[in-house]
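These notes are about the structure you will find just below.
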Amino acid sequence: MFGTTVLQLGGQAPLVSLIAGIVAIVLLLVVLDLPAFVSLVVAGITVGVVAPAIAFADVPGELAAAFGDNMAGIGIPILMAAIIGKAMVESGAANRIVRAFTSVFGEDNTEVSLFGSSFIMSIPVFFDNVFYLLAPLARAARARDGKNYALYIVAMGAAGVVTHGFVPPTPGPLLAVDEFDANLGSTIMVGVLVGFPTALVSGLGYGYWINQRIEIPLRDTMGTTVEELEEKNQIETRQLPGVLESLLPILLAVLLVTADTTAQTLLGGDATVGDLMGFFGLPNLGESVVIGNITGFFGNPNLALTAAALAAALTYYRMSDLDSDTFSDELTDALKSGGNIAAITAAGGAFGAMLQAAGAGEYIANGLEGVGLGLLVTAWVIAAGVRVVQGSATVAIVTTAGIMGPLASGLDVNVAYLVMSIGAGASFCSWYNDSGFWIVKEVGGLTQAETLKTWTVATILIGLVGLLSTLAFSTVLPLA
């Protein structure tokens with residue numbers, strides 16, 4: 001009886017699995033208020049038990065494997081981000097950067113600097129890594145001015161999500177470019193063209209609106225207390241690290257990852273050092289050394305965030321009067337906080353993976369494939385449906401691109417707009433089954449309700465405004 005599944009539900013099984021997962025997560029997280037990690041694991045198991053696509057005996061193992069896969073991707077970066085956040089706050093580096101922003105943009109425009117930084121950094125760097133790097137700055141700014149934390153979170157988060165979902169060479173849009181044989185340069189141009197107004201409306205626009213209606217206090221998170229943040233605001237600027245030293249962790253991470261992205265995009269995966277030397281008219285040395293092997297090592301987020309953490313920790317040690325044992329204990333406390341965040345984030349990704357294994361995303365995609373809409377709108381509807389069901393924006397892009405690939409030739413506008421439509425749909429409505437939801441909640445120190453009101457609504461707006469921007473620009477500037 002239990003060899004294959006508990007419930008044989010026929011063709012509607014994926015839908016029933018989805019409903020079971022939603023009911024479980026709402027009951028456990030919202031009604032019973034259980035810890036997020038426990039709730040997500042139990043909800044994932046519930047989906048597996050109901051789904052005929054997953055053998056009953058394999059359910060715990062499938063969940064554990066999905067958890068491990070997610071942890072492999074975010075474990076080290078989150079733990080290193082915990083050190084970066086702790087060190088940048090304790091050393092005064094975060095406060096120094098905020099003061100530098102204030103001197104350039106003015107006391108009342110910190111959100112503009114966070115918005116712009118996130119929008120640009122998330123083109124070559126994964127959004128979650130950008131959020132790890134900028135979150136300490138948002139917290140320091142909130143501690144400094146005593147307000148506007150909802151605005152900072154929304155402005156920073158929305159800007160990063162837009163470029164991550166719309167502008168190659170981030171993985172999702174890059175895969176869609178390859179699937180449709182689109183021109184990379186024109187897709188980047190269209191991505192910025194469509195993405196910037198989308199980010200303005202969903203980030204700064206909604207950020208200003210929600211900031212007038214919700215006050216989010218600072219809470220202890222990532223190994224840093226509110227008292228420590230407030231203490232740093234009393235220190236004179238001359239007693240803080242210099243701007244360049246303070247920015248070094250961020251610059252290191254961005255430059256290392258960007259170097260790999262640039263090399264892979266512009267030179268190709270097989271380019272050698274000799275090719276690069278020859279391009280500049282230098283002696284053709286290093287023909288056997290593939291550039292991607294070097295940049296791939298240094299540009300991997302695990303190493304890039306580790307380098308950034310070391311830089312931040314060295315500044316912290318230099319600026320403190322702690323002995324080595326106490327200093328080590330301080331970093332260990334940060335790692336404990338980071339470990340909890342990593343576990344919750346990986347569990348959220350595993351919950352989404354169980355929904356995917358149950359076939360919920362494919363079920364929704366197939367059901368929407370024949371809907372009688374224009375190609376751009378159809379692509380958005382499919383991507384948004386898959387995104388909401390299983391959580392991963394990248395999976396939503398991959399799934400939708402595969403479905404729309406044979407139809408792309410029927411477009412009467414540049415195929416880059418199809419990439420934008422899919423990216424907008426895949427960014428729509430981040431909630432409990434998306435690891436990004438938990439990153440924002442835990443790293444930002446928000447409650448579930450605050451995360452839903454800020455982050456989730458902002459991503460809903462990104463999806464809707466992104467579609468409208470795509471339709472508008474494809475009408476006035478088809479580029480066909």
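Following the order of the structure tokens, first chain is A, next is B, and so on, with residues numbered from 1 inside each chain and ligands from 1 in the order they appear.
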Discussion item. If DSSP is run on the backbone, what residues of stretch 58-249 of chain A are helix (DSSP H, G or I)? A reply as an MDAnalysis selection string would be ideal.
Written reply: chainID A and resid 58:91 93:105 110:121 127:145 149:166 171:180 184:211 226:232 237:239 243:249
Produce a table with one row for each residue of stretch 395-442 of chain A that has an atom at most 12 Å from any atom of stretch 464-473 of chain A, each row naming the nearest atom pair and its distance in Å at one decimal; use only C-alpha atoms; arrange rows by chain and rising residue number; format as a tab-separated table.
```
residue	atom	partner	partner_atom	distance
A:Val413	CA	A:Phe473	CA	10.0
A:Asn414	CA	A:Phe473	CA	10.6
A:Val415	CA	A:Thr470	CA	11.3
A:Ala416	CA	A:Thr470	CA	9.6
A:Tyr417	CA	A:Thr470	CA	6.2
A:Leu418	CA	A:Thr470	CA	8.4
A:Val419	CA	A:Thr470	CA	9.6
A:Met420	CA	A:Thr470	CA	6.5
A:Ser421	CA	A:Leu467	CA	5.7
A:Ile422	CA	A:Leu467	CA	8.7
A:Gly423	CA	A:Gly466	CA	8.2
A:Ala424	CA	A:Gly466	CA	5.1
A:Gly425	CA	A:Leu467	CA	7.5
A:Ala426	CA	A:Gly466	CA	10.4
A:Ser427	CA	A:Gly466	CA	9.0
A:Phe428	CA	A:Leu464	CA	7.5
A:Cys429	CA	A:Leu464	CA	9.8
```
Which residues of stretch 305-392 of chain A come within 12 Å of stretch 170-184 of chain A, and what is each one's closest atom pair and distance in Å (one decimal), counting only C-alpha atoms, sorted by chain and residue number, as JSON lines?
```
{"residue": "A:Ala379", "atom": "CA", "partner": "A:Ala176", "partner_atom": "CA", "distance": 11.7}
{"residue": "A:Ala383", "atom": "CA", "partner": "A:Gly172", "partner_atom": "CA", "distance": 11.8}
{"residue": "A:Ser392", "atom": "CA", "partner": "A:Gly172", "partner_atom": "CA", "distance": 10.4}
```
Selected residues written out, N, CA, C and O atoms, as a compact mmCIF listing (two decimals), in the first residue's frame:
```
# COMPACT_ATOMS: atom_id res chain seq x y z
N ALA A 379 3.52 34.28 -21.44
CA ALA A 379 4.78 33.93 -20.80
C ALA A 379 4.81 34.43 -19.37
O ALA A 379 5.27 33.73 -18.46
N ALA A 383 5.09 32.04 -16.01
CA ALA A 383 6.22 32.24 -15.09
C ALA A 383 5.74 32.61 -13.70
O ALA A 383 6.26 32.11 -12.69
N SER A 392 11.03 29.25 -6.55
CA SER A 392 12.29 29.62 -7.17
C SER A 392 12.07 30.43 -8.44
O SER A 392 11.40 29.97 -9.37
```
Practice prompt. Can you pull out every residue within 7 Å of stretch 21-30 of chain A, counting only C-alpha atoms, but drop anything in the same chain fewer than 5 positions away, and send it as a list in words?
Written response: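 In the requested format, the answer is Ala36, Ser39, Leu40, Ala43, Gly44, Thr46 and Val47 of chain A.
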Test item: residues at most 10 Å from A:Ala357, only C-alpha atoms, excluding those fewer than 3 positions along its chain, as a compact mmCIF listing (two decimals) with N, CA, C and O atoms, in the first residue's frame:
```txt
# COMPACT_ATOMS: atom_id res chain seq x y z
N PRO A 14 -0.84 16.93 -8.31
CA PRO A 14 0.00 18.11 -8.04
C PRO A 14 -0.77 19.26 -7.40
O PRO A 14 -0.25 19.96 -6.53
N VAL A 47 3.81 17.76 1.85
CA VAL A 47 3.71 17.77 0.39
C VAL A 47 4.16 16.42 -0.17
O VAL A 47 3.51 15.84 -1.05
N GLY A 48 5.27 15.90 0.34
CA GLY A 48 5.79 14.64 -0.15
C GLY A 48 4.87 13.46 0.11
O GLY A 48 4.71 12.57 -0.73
N ALA A 51 1.92 13.66 -2.37
CA ALA A 51 2.25 13.62 -3.80
C ALA A 51 2.55 12.21 -4.30
O ALA A 51 3.49 11.57 -3.82
N PRO A 52 1.82 11.71 -5.28
CA PRO A 52 2.13 10.40 -5.86
C PRO A 52 3.47 10.38 -6.59
O PRO A 52 4.07 9.32 -6.77
N ALA A 53 3.95 11.54 -7.02
CA ALA A 53 5.20 11.60 -7.77
C ALA A 53 6.41 11.24 -6.92
O ALA A 53 7.48 10.95 -7.44
N ILE A 54 6.25 11.26 -5.60
CA ILE A 54 7.35 10.95 -4.69
C ILE A 54 6.99 9.68 -3.93
O ILE A 54 5.98 9.62 -3.24
N GLU A 62 14.18 12.75 0.18
CA GLU A 62 14.05 13.81 -0.83
C GLU A 62 14.13 15.19 -0.18
O GLU A 62 14.79 16.10 -0.69
N LEU A 63 13.44 15.33 0.96
CA LEU A 63 13.46 16.61 1.65
C LEU A 63 14.87 16.93 2.14
O LEU A 63 15.36 18.06 1.99
N ALA A 66 17.08 17.96 -0.76
CA ALA A 66 16.78 19.32 -1.20
C ALA A 66 17.32 20.34 -0.21
O ALA A 66 17.86 21.39 -0.60
N PHE A 351 11.26 23.27 0.97
CA PHE A 351 9.80 23.25 0.85
C PHE A 351 9.39 23.52 -0.60
O PHE A 351 8.54 22.82 -1.17
N GLY A 352 10.01 24.52 -1.21
CA GLY A 352 9.75 24.80 -2.61
C GLY A 352 10.15 23.66 -3.52
O GLY A 352 9.46 23.35 -4.50
N ALA A 353 11.28 23.00 -3.20
CA ALA A 353 11.74 21.88 -4.01
C ALA A 353 10.77 20.70 -3.94
O ALA A 353 10.59 19.98 -4.93
N MET A 354 10.16 20.48 -2.78
CA MET A 354 9.19 19.40 -2.65
C MET A 354 7.95 19.68 -3.50
O MET A 354 7.38 18.78 -4.12
N ALA A 360 3.89 20.36 -9.02
CA ALA A 360 2.94 21.47 -8.92
C ALA A 360 3.24 22.56 -9.94
O ALA A 360 2.34 23.09 -10.59
N GLY A 361 4.52 22.89 -10.10
CA GLY A 361 4.89 23.92 -11.06
C GLY A 361 4.56 23.52 -12.49
O GLY A 361 4.03 24.31 -13.27
N GLU A 362 4.88 22.29 -12.84
CA GLU A 362 4.60 21.79 -14.20
C GLU A 362 3.09 21.73 -14.45
O GLU A 362 2.62 22.04 -15.54
N GLN A 390 6.13 27.15 -6.62
CA GLN A 390 7.30 26.45 -6.08
C GLN A 390 8.41 27.35 -5.56
O GLN A 390 9.38 26.87 -4.99
```
Worksheet entry | Selected residue of minimal separation from A:Ser113 among A:Ile45, A:Ala65, A:Leu204, A:Ala393, counting only C-alpha atoms |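 Of all the options, A:Leu204 lies closest to A:Ser113.
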Practice prompt. Fewer than 2 positions away in the same chain doesn't count, so skip those; otherwise give me all residues within 12 Å of A:Glu236, counting only C-alpha atoms, as a list of chain:residue names.
Written response: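 Residues near the query, excluding close chain neighbours: A:Gly92, A:Asn95, A:Arg96, A:Arg99, A:Glu231, A:Lys232, A:Asn233, A:Gln234, A:Arg238, A:Gln239, A:Leu240, A:Pro241.
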Practice prompt. To one decimal in Å, tell me the separation between atom CA of A:Ala87 and atom CA of A:Ile250.
Written response: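 Atom CA of A:Ile250 lies at a distance of 12.5 Å from atom CA of A:Ala87.
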